[in-house]
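Structure file entry-v5.txt (compact mmCIF, C-alpha atoms) follows.
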```
# COMPACT_ATOMS: atom_id res chain seq x y z
CA MET R 1 2.31 19.32 8.30
CA PRO R 2 -1.20 17.90 8.61
CA LYS R 3 -1.82 14.19 8.45
CA PRO R 4 -3.40 12.68 5.32
CA LEU R 5 -7.13 13.17 4.85
CA ALA R 6 -9.38 10.20 5.69
CA SER R 7 -11.43 9.79 2.53
CA VAL R 8 -14.19 7.72 0.95
CA ALA R 9 -14.52 6.64 -2.68
CA CYS R 10 -17.94 8.19 -3.10
CA ASN R 11 -20.02 7.55 -6.20
CA LEU R 12 -23.66 7.94 -7.13
CA ASP R 13 -24.75 4.64 -5.67
CA ARG R 14 -27.58 4.36 -3.18
CA ASN R 15 -26.04 1.65 -0.98
CA LEU R 16 -22.67 3.38 -0.87
CA LEU R 17 -24.24 6.73 -0.05
CA GLN R 18 -26.45 5.16 2.64
CA ALA R 19 -23.35 3.64 4.19
CA THR R 20 -21.42 6.90 4.00
CA LEU R 21 -24.12 9.36 5.06
CA PRO R 22 -23.77 8.87 8.84
CA LEU R 23 -20.03 9.51 8.49
CA LEU R 24 -20.74 12.69 6.55
CA GLN R 25 -23.29 13.80 9.13
CA ALA R 26 -20.77 13.20 11.90
CA GLU R 27 -18.15 15.27 10.00
CA GLN R 28 -15.79 12.28 9.88
CA VAL R 29 -15.15 12.23 6.14
CA GLU R 30 -12.33 14.61 5.31
CA ALA R 31 -12.26 14.18 1.52
CA ILE R 32 -13.94 12.21 -1.25
CA GLU R 33 -12.74 10.48 -4.38
CA TRP R 34 -15.16 10.39 -7.29
CA SER R 35 -14.95 8.12 -10.33
CA PHE R 36 -16.14 10.92 -12.56
CA ASP R 37 -16.20 8.95 -15.80
CA THR R 38 -18.76 6.49 -14.48
CA LEU R 39 -21.29 9.29 -14.91
CA PHE R 40 -20.18 10.44 -18.36
CA LYS R 41 -23.19 8.76 -19.93
CA VAL R 42 -25.63 9.85 -17.23
CA ARG R 43 -27.45 12.99 -18.27
CA ASP R 44 -29.34 13.74 -15.11
CA ILE R 45 -27.49 13.85 -11.83
CA PRO R 46 -29.31 14.86 -8.63
CA GLU R 47 -28.41 18.36 -7.67
CA TRP R 48 -27.58 17.33 -4.11
CA PHE R 49 -24.88 15.02 -5.47
CA VAL R 50 -23.47 17.87 -7.52
CA GLN R 51 -23.54 20.04 -4.40
CA LEU R 52 -21.68 17.33 -2.47
CA LEU R 53 -18.93 17.38 -5.09
CA ARG R 54 -18.84 21.18 -5.04
CA GLU R 55 -18.58 21.48 -1.25
CA PHE R 56 -15.68 19.06 -1.08
CA GLY R 57 -14.12 20.60 -4.19
CA GLU R 58 -14.23 24.13 -2.86
CA ALA R 59 -12.47 22.90 0.27
CA GLY R 60 -9.70 21.33 -1.84
CA ARG R 61 -10.85 17.87 -0.83
CA LEU R 62 -12.19 16.33 -4.02
CA VAL R 63 -10.11 14.01 -6.16
CA GLY R 64 -11.09 12.34 -9.41
CA HIS R 65 -10.30 8.71 -10.25
CA GLY R 66 -10.90 7.62 -13.83
CA VAL R 67 -11.81 4.07 -14.74
CA TYR R 68 -12.40 3.93 -18.44
CA PHE R 69 -9.58 5.77 -20.22
CA SER R 70 -7.48 2.67 -20.96
CA LEU R 71 -4.06 4.29 -20.74
CA PHE R 72 -2.15 1.69 -22.71
CA SER R 73 -4.48 0.99 -25.60
CA GLY R 74 -2.25 1.03 -28.66
CA LYS R 75 -4.89 2.63 -30.84
CA TRP R 76 -6.02 6.20 -30.23
CA THR R 77 -9.80 6.18 -30.36
CA ALA R 78 -12.71 8.58 -30.54
CA ASP R 79 -13.73 7.31 -27.10
CA GLN R 80 -10.44 8.49 -25.62
CA GLU R 81 -10.77 11.84 -27.37
CA ASP R 82 -14.28 12.17 -25.94
CA TRP R 83 -13.10 11.13 -22.49
CA LEU R 84 -10.55 13.94 -22.49
CA ARG R 85 -13.12 16.43 -23.72
CA ARG R 86 -15.47 15.49 -20.90
CA LEU R 87 -12.66 15.60 -18.35
CA ARG R 88 -11.80 19.11 -19.49
CA ARG R 89 -15.41 20.18 -18.93
CA MET R 90 -15.65 18.38 -15.60
CA SER R 91 -12.48 20.11 -14.46
CA GLN R 92 -14.10 23.47 -15.18
CA GLU R 93 -17.27 22.45 -13.37
CA PHE R 94 -15.64 20.91 -10.30
CA ARG R 95 -12.43 21.73 -8.48
CA PHE R 96 -10.38 18.54 -8.44
CA ASP R 97 -7.25 18.45 -6.31
CA HIS R 98 -5.87 15.81 -8.62
CA ILE R 99 -6.89 13.30 -11.28
CA SER R 100 -5.78 9.69 -11.54
CA GLU R 101 -6.25 6.65 -13.73
CA HIS R 102 -5.24 3.03 -13.83
CA PHE R 103 -2.06 1.51 -15.13
CA GLY R 104 -2.99 -0.89 -17.94
CA PHE R 105 -5.28 -1.40 -20.90
CA LEU R 106 -8.85 -2.59 -20.92
CA THR R 107 -9.82 -5.80 -22.65
CA GLY R 108 -13.08 -5.72 -24.55
CA GLU R 109 -14.22 -4.00 -27.69
CA HIS R 110 -14.50 -0.57 -26.08
CA PHE R 111 -14.15 1.23 -22.85
CA HIS R 112 -17.23 0.06 -21.10
CA LYS R 113 -16.53 -3.58 -21.60
CA GLY R 114 -13.47 -5.28 -20.20
CA ALA R 115 -10.94 -5.69 -17.41
CA PRO R 116 -7.57 -3.94 -16.85
CA LEU R 117 -4.42 -5.81 -17.85
CA SER R 118 -0.80 -4.80 -18.09
CA VAL R 119 1.35 -4.50 -21.22
CA PRO R 120 4.92 -5.48 -22.09
CA PHE R 121 7.35 -3.05 -20.49
CA ASN R 122 9.45 -1.62 -23.30
CA ALA R 123 10.42 1.74 -24.80
CA LYS R 124 7.34 1.87 -27.06
CA THR R 125 4.81 1.25 -24.31
CA LEU R 126 6.64 3.72 -22.08
CA ARG R 127 6.35 6.46 -24.70
CA LEU R 128 2.69 5.60 -25.25
CA GLY R 129 1.85 5.83 -21.57
CA GLN R 130 3.77 9.10 -21.20
CA ASP R 131 1.83 10.52 -24.16
CA ARG R 132 -1.51 9.59 -22.61
CA LEU R 133 -0.61 11.02 -19.20
CA MET R 134 0.42 14.26 -20.83
CA ARG R 135 -3.01 14.51 -22.46
CA ILE R 136 -4.82 13.82 -19.20
CA ALA R 137 -2.74 16.54 -17.52
CA ASP R 138 -3.51 18.96 -20.34
CA ALA R 139 -7.24 18.28 -20.03
CA CYS R 140 -7.54 18.69 -16.28
CA GLY R 141 -4.82 21.21 -15.40
CA VAL R 142 -4.09 19.61 -12.02
CA PRO R 143 -1.64 16.91 -10.88
CA VAL R 144 -2.13 13.53 -12.51
CA GLY R 145 -1.27 10.09 -11.25
CA LEU R 146 -1.57 6.36 -11.73
CA GLU R 147 -2.67 3.52 -9.50
CA ASN R 148 -0.62 0.36 -9.26
CA LEU R 149 -2.36 -2.61 -10.85
CA ALA R 150 -3.59 -5.54 -8.78
CA PHE R 151 -3.29 -8.08 -11.53
CA ALA R 152 0.10 -9.30 -12.75
CA PHE R 153 0.98 -12.23 -14.93
CA SER R 154 4.25 -13.04 -13.13
CA PRO R 155 6.47 -12.12 -10.16
CA ASP R 156 8.87 -10.47 -12.57
CA GLU R 157 6.10 -8.18 -13.75
CA VAL R 158 5.33 -7.29 -10.12
CA ARG R 159 8.96 -6.37 -9.51
CA ARG R 160 9.18 -4.24 -12.67
CA GLN R 161 5.88 -2.39 -12.25
CA GLY R 162 7.37 0.15 -9.85
CA GLU R 163 10.23 1.13 -12.13
CA VAL R 164 7.84 1.48 -15.06
CA LEU R 165 5.42 3.59 -13.04
CA ASP R 166 8.25 5.90 -12.01
CA LYS R 167 9.39 6.38 -15.62
CA LEU R 168 5.83 6.91 -16.83
CA LEU R 169 5.13 9.58 -14.25
CA GLU R 170 8.41 11.46 -14.48
CA PRO R 171 7.63 13.67 -17.55
CA VAL R 172 4.37 14.94 -16.00
CA ASN R 173 5.78 15.19 -12.48
CA GLY R 174 3.04 12.69 -11.62
CA PHE R 175 2.09 10.89 -8.44
CA LEU R 176 1.34 7.33 -7.48
CA ILE R 177 -1.82 5.96 -5.93
CA LEU R 178 -0.57 3.12 -3.75
CA ASP R 179 -3.41 0.64 -3.59
CA LEU R 180 -2.58 -1.54 -0.64
CA HIS R 181 -5.22 -4.17 -1.43
CA ASN R 182 -3.62 -4.48 -4.89
CA VAL R 183 -0.29 -4.98 -3.14
CA TYR R 184 -1.92 -7.59 -0.89
CA CYS R 185 -3.22 -9.43 -3.96
CA GLN R 186 0.30 -9.63 -5.36
CA LEU R 187 1.79 -10.72 -2.05
CA GLU R 188 -0.75 -13.54 -1.78
CA ASN R 189 -0.70 -14.55 -5.44
CA PHE R 190 3.07 -14.74 -5.75
CA GLY R 191 4.21 -15.49 -2.20
CA LEU R 192 6.19 -12.25 -1.92
CA GLU R 193 7.25 -10.32 1.17
CA ALA R 194 5.70 -6.88 1.69
CA ASN R 195 8.97 -5.07 2.38
CA ASP R 196 10.51 -6.54 -0.78
CA LEU R 197 7.58 -5.66 -3.01
CA LEU R 198 7.22 -2.13 -1.66
CA ASN R 199 10.92 -1.50 -2.15
CA TYR R 200 10.26 -1.74 -5.88
CA LEU R 201 7.65 1.04 -5.82
CA PRO R 202 8.42 4.78 -5.95
CA LEU R 203 6.97 5.53 -2.53
CA ASP R 204 8.25 9.11 -2.68
CA ARG R 205 5.61 9.69 -5.37
CA VAL R 206 2.68 8.40 -3.31
CA ARG R 207 0.04 11.11 -2.93
CA GLU R 208 -2.92 8.83 -2.33
CA ILE R 209 -3.39 5.43 -0.73
CA HIS R 210 -6.32 3.09 -1.34
CA ILE R 211 -7.56 0.38 0.98
CA SER R 212 -10.35 -2.03 0.20
CA GLY R 213 -11.46 -5.62 0.42
CA GLY R 214 -11.68 -8.35 -2.17
CA SER R 215 -12.33 -12.01 -2.56
CA TRP R 216 -10.77 -15.41 -3.00
CA GLU R 217 -11.23 -17.37 -6.18
CA PRO R 218 -10.38 -21.06 -6.32
CA SER R 219 -8.12 -22.24 -9.09
CA ASP R 220 -7.65 -25.66 -10.62
CA LEU R 221 -3.99 -24.78 -11.10
CA ARG R 222 -3.09 -23.84 -7.53
CA GLU R 223 -3.73 -25.36 -4.12
CA THR R 224 -4.49 -22.00 -2.54
CA ALA R 225 -7.07 -19.59 -3.91
CA ILE R 226 -6.25 -16.52 -5.95
CA ARG R 227 -6.74 -13.15 -4.30
CA ARG R 228 -8.92 -10.90 -6.45
CA ASP R 229 -9.36 -7.15 -6.17
CA THR R 230 -13.14 -7.20 -6.34
CA HIS R 231 -13.87 -4.41 -3.80
CA ASP R 232 -16.85 -6.36 -2.51
CA GLU R 233 -15.92 -7.12 1.07
CA GLY R 234 -14.67 -5.32 4.16
CA VAL R 235 -10.98 -4.50 4.49
CA PRO R 236 -8.88 -7.46 5.72
CA ASP R 237 -6.67 -7.06 8.78
CA ALA R 238 -3.64 -7.66 6.58
CA VAL R 239 -4.41 -4.52 4.54
CA PHE R 240 -4.87 -2.41 7.70
CA ASP R 241 -1.53 -3.79 8.82
CA LEU R 242 0.11 -2.71 5.56
CA LEU R 243 -1.34 0.77 6.05
CA ALA R 244 -0.08 1.04 9.63
CA ARG R 245 3.42 -0.21 8.77
CA HIS R 246 4.00 1.56 5.49
CA LEU R 247 2.20 4.92 5.68
CA PRO R 248 5.37 6.40 7.24
CA ASP R 249 7.26 5.33 4.09
CA CYS R 250 5.02 7.62 1.99
CA PRO R 251 5.67 11.14 3.29
CA SER R 252 3.85 12.91 0.44
CA THR R 253 0.53 11.16 1.07
CA ARG R 254 -2.38 13.57 1.17
CA PHE R 255 -5.40 11.22 0.86
CA VAL R 256 -6.11 7.77 2.28
CA VAL R 257 -9.24 6.39 0.62
CA LEU R 258 -11.59 3.57 1.57
CA GLU R 259 -13.19 1.80 -1.41
CA GLN R 260 -16.08 -0.63 -1.59
CA ILE R 261 -18.63 -1.17 -4.34
CA GLY R 262 -22.26 -0.44 -3.62
CA ILE R 263 -23.64 -3.81 -4.60
CA SER R 264 -21.81 -5.33 -1.63
CA LEU R 265 -23.26 -2.77 0.79
CA ASN R 266 -26.79 -4.06 0.46
CA GLY R 267 -27.63 -4.46 4.14
CA GLU R 268 -27.19 -2.77 7.49
CA ALA R 269 -24.50 -5.23 8.61
CA GLN R 270 -22.38 -4.53 5.53
CA GLN R 271 -22.90 -0.79 5.80
CA SER R 272 -22.02 -0.82 9.48
CA ARG R 273 -18.83 -2.76 8.71
CA PHE R 274 -17.98 -0.15 6.05
CA ARG R 275 -18.26 2.64 8.62
CA GLN R 276 -16.17 0.67 11.09
CA ASP R 277 -13.51 0.17 8.42
CA PHE R 278 -13.49 3.90 7.73
CA LEU R 279 -13.11 4.81 11.41
CA ARG R 280 -10.38 2.20 11.87
CA MET R 281 -8.56 3.63 8.82
CA LYS R 282 -8.92 7.13 10.19
CA GLU R 283 -7.57 6.09 13.60
CA LEU R 284 -4.54 4.47 11.99
CA VAL R 285 -3.82 7.57 9.94
CA GLU R 286 -4.13 9.85 12.97
CA ALA R 287 -1.92 7.59 15.08
CA SER R 288 0.70 7.16 12.39
CA PRO R 289 4.20 8.38 13.21
CA MET R 290 4.57 9.55 9.61
CA GLN R 291 6.31 12.83 9.19
CA ALA R 292 4.51 14.50 6.32
CA GLU R 293 6.82 16.60 4.23
CA ALA R 294 5.72 19.92 2.92
CA HIS R 295 3.24 18.67 0.39
CA ARG R 296 5.28 17.81 -2.66
CA ASN R 297 4.29 19.80 -5.72
CA PHE R 298 3.07 17.39 -8.40
CA GLN R 299 1.83 20.10 -10.76
CA PRO R 300 2.81 19.18 -14.33
CA GLU R 301 4.63 21.46 -16.74
CA LEU R 302 3.38 20.89 -20.26
CA PRO R 303 4.27 22.18 -23.71
CA ALA R 304 2.06 24.95 -25.04
CA THR R 305 0.72 22.70 -27.76
CA LEU R 306 0.56 18.93 -27.79
CA PRO R 307 1.76 16.80 -30.70
CA PRO R 308 -0.69 14.37 -32.30
CA PRO R 309 -1.47 11.32 -30.15
CA LEU R 310 1.01 8.49 -30.39
CA GLU R 311 -0.29 5.23 -31.73
CA ASP R 312 1.19 1.78 -31.91
CA ALA R 313 -0.66 -0.30 -34.45
CA GLU R 314 1.33 -3.41 -33.67
CA LEU R 315 0.56 -3.16 -29.95
CA ALA R 316 -3.10 -2.49 -30.71
CA ALA R 317 -3.29 -5.60 -32.88
CA GLU R 318 -1.61 -7.69 -30.19
CA GLN R 319 -4.00 -6.37 -27.53
CA GLU R 320 -6.93 -7.29 -29.73
CA VAL R 321 -5.54 -10.78 -30.20
CA LEU R 322 -4.92 -11.26 -26.47
CA SER R 323 -8.31 -9.85 -25.48
CA GLY R 324 -10.07 -12.02 -28.02
CA LEU R 325 -8.31 -15.18 -26.90
CA LEU R 326 -8.94 -14.48 -23.21
CA GLU R 327 -12.61 -13.75 -23.83
CA SER R 328 -13.33 -16.68 -26.11
CA ALA R 329 -11.21 -19.57 -24.83
CA ALA R 330 -13.29 -22.57 -23.87
CA ASP R 331 -10.90 -23.47 -21.08
CA TYR R 332 -7.30 -23.03 -19.93
CA PRO R 333 -5.72 -25.72 -22.16
CA ALA R 334 -7.50 -24.26 -25.18
CA LEU R 335 -6.21 -20.80 -24.24
CA ARG R 336 -2.61 -22.00 -24.06
CA ALA R 337 -2.90 -23.76 -27.40
CA ALA R 338 -4.36 -20.63 -29.00
CA LEU R 339 -1.65 -18.36 -27.53
CA ALA R 340 1.08 -20.68 -28.76
CA GLY R 341 -0.15 -20.30 -32.31
CA SER R 342 -0.93 -16.57 -32.09
CA PRO R 343 1.03 -13.47 -33.20
CA ILE R 344 2.01 -12.77 -29.60
CA ALA R 345 3.88 -16.05 -29.23
CA GLU R 346 7.60 -15.50 -28.58
CA SER R 347 7.19 -11.73 -28.32
CA ASP R 348 7.74 -9.05 -25.68
CA TRP R 349 4.48 -10.21 -24.11
CA ASP R 350 6.40 -13.29 -22.92
CA TRP R 351 3.15 -15.14 -22.27
CA GLU R 352 5.22 -18.32 -22.06
CA GLY R 353 6.65 -16.99 -18.77
CA TRP R 354 3.27 -16.13 -17.26
CA THR R 355 2.33 -17.96 -14.10
CA PRO R 356 -0.30 -20.51 -15.21
CA TYR R 357 -2.89 -19.77 -12.54
CA MET R 358 -2.65 -16.01 -13.28
CA LEU R 359 -3.22 -16.64 -16.98
CA GLU R 360 -6.24 -18.72 -16.02
CA THR R 361 -7.41 -15.85 -13.77
CA ALA R 362 -7.01 -13.35 -16.61
CA MET R 363 -9.23 -15.55 -18.77
CA LYS R 364 -11.90 -15.64 -16.07
CA ILE R 365 -11.74 -11.85 -15.52
CA ALA R 366 -11.98 -11.11 -19.24
CA GLN R 367 -14.94 -13.45 -19.69
CA LYS R 368 -16.71 -12.05 -16.66
CA TRP R 369 -16.45 -8.43 -17.78
CA LYS R 370 -16.69 -8.69 -21.55
CA GLU R 371 -20.36 -7.76 -21.52
CA GLY R 372 -19.74 -4.65 -19.48
CA TRP R 373 -19.45 -3.47 -15.94
CA MET H 1 -15.32 18.07 7.18
CA LYS H 2 -18.47 20.01 7.96
CA LEU H 3 -21.01 20.02 5.14
CA SER H 4 -23.85 22.49 4.79
CA LYS H 5 -27.08 21.66 6.57
CA SER H 6 -29.06 22.07 3.39
CA LEU H 7 -26.87 19.55 1.60
CA LEU H 8 -27.11 16.95 4.35
CA THR H 9 -30.87 17.39 4.53
CA ALA H 10 -31.19 17.01 0.79
CA MET H 11 -29.05 13.89 0.91
CA VAL H 12 -31.22 12.32 3.60
CA VAL H 13 -34.22 12.77 1.38
CA GLY H 14 -32.47 12.01 -1.86
CA ILE H 15 -30.81 8.82 -0.74
CA GLY H 16 -33.94 7.71 1.02
CA ILE H 17 -36.09 7.57 -2.09
CA GLY H 18 -33.47 6.52 -4.60
CA ALA H 19 -30.22 7.98 -5.75
CA SER H 20 -31.11 8.26 -9.43
CA VAL H 21 -33.95 10.77 -9.34
CA SER H 22 -34.63 12.00 -5.91
CA SER H 23 -35.00 15.74 -5.71
CA CYS H 24 -37.24 18.41 -7.02
CA THR H 25 -34.61 19.54 -9.42
CA LYS H 26 -32.08 17.54 -11.25
CA LEU H 27 -29.05 18.92 -12.93
CA ASN H 28 -28.65 17.89 -16.53
CA LEU H 29 -24.94 18.12 -16.95
CA GLU H 30 -25.13 17.71 -20.70
CA LYS H 31 -27.34 20.80 -20.94
CA GLU H 32 -25.13 22.73 -18.55
CA PHE H 33 -22.09 21.98 -20.65
CA ASN H 34 -23.93 23.10 -23.76
CA GLY H 35 -24.93 26.40 -22.14
CA GLU H 36 -28.61 25.55 -21.96
CA ASN H 37 -30.77 25.82 -18.88
CA PRO H 38 -29.73 22.72 -16.99
CA ARG H 39 -32.29 22.63 -14.24
CA GLU H 40 -35.48 20.72 -14.80
CA GLN H 41 -38.32 20.66 -12.35
CA VAL H 42 -39.57 17.18 -11.59
CA ASP H 43 -43.29 17.00 -10.87
CA GLY H 44 -44.49 15.49 -7.68
CA THR H 45 -41.25 15.01 -5.85
CA CYS H 46 -42.11 17.42 -3.03
CA GLU H 47 -45.40 15.59 -2.56
CA ASP H 48 -43.54 12.32 -2.55
CA ILE H 49 -41.77 13.46 0.57
CA ASP H 50 -44.95 14.97 2.10
CA ILE H 51 -43.93 18.56 1.72
CA ASP H 52 -46.82 20.87 0.86
CA HIS H 53 -45.58 24.29 -0.07
CA ASP H 54 -49.05 25.84 0.25
CA SER H 55 -50.06 24.69 3.71
CA GLY H 56 -47.80 26.98 5.75
CA GLY H 57 -46.37 26.16 9.13
CA GLU H 58 -42.88 25.47 10.36
CA GLU H 59 -42.53 22.11 8.74
CA THR H 60 -43.06 23.59 5.29
CA ASP H 61 -40.87 26.63 5.67
CA TYR H 62 -38.14 24.81 3.86
CA CYS H 63 -38.31 21.93 1.45
CA PRO H 64 -35.09 19.95 1.69
CA ALA H 65 -35.50 18.59 -1.77
CA CYS H 66 -35.98 21.75 -3.80
CA GLY H 67 -34.94 24.42 -1.32
CA LEU H 68 -38.20 26.25 -1.81
CA GLY H 69 -40.15 27.73 1.08
```
Can you give me the file's structure in the form of structure tokens?
Amino acid sequence: MPKPLASVACNLDRNLLQATLPLLQAEQVEAIEWSFDTLFKVRDIPEWFVQLLREFGEAGRLVGHGVYFSLFSGKWTADQEDWLRRLRRMSQEFRFDHISEHFGFLTGEHFHKGAPLSVPFNAKTLRLGQDRLMRIADACGVPVGLENLAFAFSPDEVRRQGEVLDKLLEPVNGFLILDLHNVYCQLENFGLEANDLLNYLPLDRVREIHISGGSWEPSDLRETAIRRDTHDEGVPDAVFDLLARHLPDCPSTRFVVLEQIGISLNGEAQQSRFRQDFLRMKELVEASPMQAEAHRNFQPELPATLPPPLEDAELAAEQEVLSGLLESAADYPALRAALAGSPIAESDWDWEGWTPYMLETAMKIAQKWKEGW
Amino acid sequence: MKLSKSLLTAMVVGIGIGASVSSCTKLNLEKEFNGENPREQVDGTCEDIDIDHDSGGEETDYCPACGLG
């Protein structure tokens, strides 16, 4: 079976496209991932960009990666309904090999404001996530999957994320995007071992792997800095190492994708580094001893008609409380005091068990993004 | 993967003068989805890239931005 396709996360961004163009001209890029919902509000897209998507799509080498759906929002909203409607149209316009989204809910008053956070892992949130995945699958008609989250409030949450992902994906026969920089963040932030952490993830479901860079953020609550998945630097050696060592553990991988945001590719040095990262990634994939299985079929089987969307008013209210407190807290002590007196105290959220410096990080992320991306 | 020459040429031009509006035609996806004519001609873009469709000669046989000869 062929090796995975060396891919770029390719969006309508001048710096990113400038960095990628020489690779495209040299026929090095084997597939592209497009965050299709970032252009939902853009009316006019250059025809050459549409043609780029079509040429990769017709070759079976275009995948879509959603950003704004907010899988675990307890309330079903008009925005989510509209997102699905647009996905359905996009899926008729472009041939996606699969569609994916993120595992979590977005803080902020609506989709285009906020940062992704996890939810309590219980039967209700499991049913909610399964419902949402079913709707995404119904809208696009191709395999659907989820990406593991970088951010976690505690080591226990890290260990449980894999089991939850597996249960979420099972009803739609879904796949996992294994984001290795997200894994790296968790290894660094919780002092875990890679083999241990990866053992918790359903690697047999991995159809796509992400690699990227990030940044370090100092914390008043920890001697060492927090690793953040900001996608604004080149790929660290440690992430390439994870790719080399663990690609063979993911025999159903079809795409390995390099991600970096355009704002960080604002000069020739950065763009050159990006291309070097891509070629290094491609070399590792080609040299990998992985034995690809016959590509696992992740096509979902869905009921003829879907029931009404599940909602969880209690979860929605709790998410609103948590988002509001994270976004408005003056500082970390004030946040803890507010949480202690809030409706989510002594609940399944278990905020009392959250690692302090990760709670502080969540506050910073929420306040950074609350005015939009 | 090998991409079409016309696409790569259009990308060179398009990316060079800005990714937001950079070709002679732009595809209005909203109109396309609504069944209307989605393609809108943008004035001046061929001139912006020094392509003169009326002058003749090899260099104007093909405009990478709009695909017109």
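Using only C-alpha atoms, the nearest neighbour of chain H within the list R:Glu30, R:Asp348, R:Asp166, R:Asp82 is R:Glu30.
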- Contact residues (chain R, partner chain H, 9 Å, only C-alpha atoms) as a PyMOL selection string: chain R and resi 12-15+17-18+21+24-31+42-52+55-56+59+89-90+93
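Taking CA of Leu279 (chain R) and CA of Val142 (chain R) as the two end points, the separation is 29.1 Å.
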- Rank nothing, just name the residue among R:Asp131, R:Asp220, R:Glu320, R:Glu268 nearest to Pro171 (chain R), using all atoms listed in the file.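 Using all atoms listed in the file, Pro171 (chain R) sits closest to R:Asp131.
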- Query: Leaving out Arg296 (chain R) and any residue of its chain fewer than 3 positions from it, which residues lie within 10 Å of it when counting only C-alpha atoms, given as number ranges by chain?
  - Reply: R: 175, 204-207, 251-254, 292-293, 299
- Task: Record the distance separating CA of Leu16 (chain R) and CA of His65 (chain R), expressed in Å with one decimal.
- Result: 16.4 Å
- Tell me which protein, DNA and RNA residues are within 7 Å of Trp216 (chain R), counting only C-alpha atoms, leaving out same-chain ones fewer than 2 positions away, and put them as a list in words. Pro218, Ala225, Ile226, Arg227 and Arg228 of chain R
